[in-house]
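Visitor: input_13.cif is reproduced below (mmCIF, C-alpha atoms).
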data_model
loop_
_atom_site.label_atom_id
_atom_site.label_comp_id
_atom_site.auth_asym_id
_atom_site.auth_seq_id
_atom_site.Cartn_x
_atom_site.Cartn_y
_atom_site.Cartn_z
CA MET A 1 1.07 5.51 9.29
CA ALA A 2 -2.57 6.56 9.26
CA GLU A 3 -5.11 3.78 9.23
CA ILE A 4 -7.32 3.26 6.20
CA SER A 5 -10.98 3.80 7.06
CA LYS A 6 -14.05 2.20 5.55
CA GLU A 7 -15.04 5.69 4.41
CA ARG A 8 -11.75 5.94 2.46
CA ILE A 9 -12.49 2.57 0.85
CA LEU A 10 -15.98 3.72 -0.16
CA ILE A 11 -14.67 6.98 -1.65
CA ASP A 12 -11.79 5.32 -3.52
CA ALA A 13 -13.97 2.48 -4.80
CA MET A 14 -16.42 4.99 -6.25
CA GLN A 15 -13.62 6.88 -7.99
CA ILE A 16 -11.91 3.76 -9.32
CA THR A 17 -14.84 1.54 -10.28
CA GLY A 18 -17.83 3.85 -10.36
CA GLY A 19 -19.53 1.76 -7.71
CA LYS A 20 -19.02 1.07 -4.06
CA PRO A 21 -19.01 -2.02 -1.88
CA THR A 22 -21.36 -2.51 1.02
CA ALA A 23 -20.37 -0.86 4.28
CA GLU A 24 -19.57 -4.30 5.69
CA ARG A 25 -17.29 -5.16 2.77
CA ALA A 26 -15.60 -1.76 3.00
CA GLU A 27 -14.93 -2.40 6.70
CA GLU A 28 -13.49 -5.83 5.86
CA LEU A 29 -11.26 -4.39 3.11
CA ALA A 30 -10.04 -1.59 5.37
CA GLY A 31 -9.12 -4.14 8.04
CA MET A 32 -7.21 -6.28 5.54
CA LEU A 33 -5.33 -3.29 4.13
CA ASN A 34 -4.44 -2.05 7.61
CA ARG A 35 -3.10 -5.48 8.60
CA LEU A 36 -1.10 -5.65 5.36
CA THR A 37 0.34 -2.16 5.91
CA GLU A 38 1.30 -3.09 9.47
CA ALA A 39 3.01 -6.29 8.29
CA LEU A 40 4.92 -4.42 5.58
CA ASP A 41 6.02 -1.76 8.06
CA LYS A 42 7.33 -4.45 10.42
CA ALA A 43 9.09 -6.35 7.61
CA ALA A 44 10.75 -3.20 6.30
CA ALA A 45 11.71 -1.79 9.71
CA ASP A 46 15.33 -2.94 9.42
CA VAL A 47 15.77 -2.10 5.74
CA PRO A 48 17.61 1.17 5.14
CA PHE A 49 15.79 3.12 2.45
CA GLU A 50 17.68 6.38 2.90
CA ALA A 51 20.49 5.59 0.46
CA GLU A 52 20.36 5.45 -3.33
CA PRO A 53 23.13 3.77 -5.33
CA ALA A 54 25.65 6.28 -6.68
CA ASP A 55 24.93 5.12 -10.22
CA MET A 56 21.21 4.43 -10.10
CA GLN A 57 20.88 3.82 -13.84
CA ALA A 58 23.57 1.13 -13.77
CA ALA A 59 21.85 -0.51 -10.79
CA LEU A 60 18.51 -0.53 -12.64
CA ASP A 61 20.15 -1.91 -15.79
CA GLN A 62 21.77 -4.68 -13.75
CA LEU A 63 18.43 -5.57 -12.15
CA ALA A 64 16.75 -5.57 -15.55
CA GLY A 65 19.40 -7.91 -16.91
CA ASP A 66 20.89 -5.44 -19.40
#
Written as structure tokens, how would this file's structure read?
Guide:
Amino acid sequence: MAEISKERILIDAMQITGGKPTAERAEELAGMLNRLTEALDKAAADVPFEAEPADMQAALDQLAGD
């Protein structure tokens, strides 16, 4: 997966909040998000995501407690 850059943080922050963090804070946020993404990738490495339950609606209803 592509790494998140401080430039991406600055652009997205401006679009979302109308302001932007300092370059130092953007660098810090990018680092945190990249570490989080890496950890999630490692945790999900053995989880098969290629299959969907045959009756997806029933599976969602069961998860929702219906």
Visitor: Evaluating the PyMOL selection byres ((chain A and resi 23-31) around 12) on the displayed file yields which residues, as a PyMOL selection string?
Guide: chain A and resi 2-14+19-22+32-38
Visitor: For the atom pair CA of Leu60 (chain A) and CA of Asp46 (chain A), what is the interatomic distance in Å to one decimal place?
Guide: 22.4 Å
Visitor: So what do you get for CA of Asp41 (chain A) versus CA of Leu63 (chain A), distance-wise?
Guide: 24.0 Å
Visitor: Can you work out the spacing between CA of Met56 (chain A) and CA of Ala44 (chain A) in Å, to one decimal?
Guide: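 Pair CA of Met56 (chain A) / CA of Ala44 (chain A) returns 20.9 Å.
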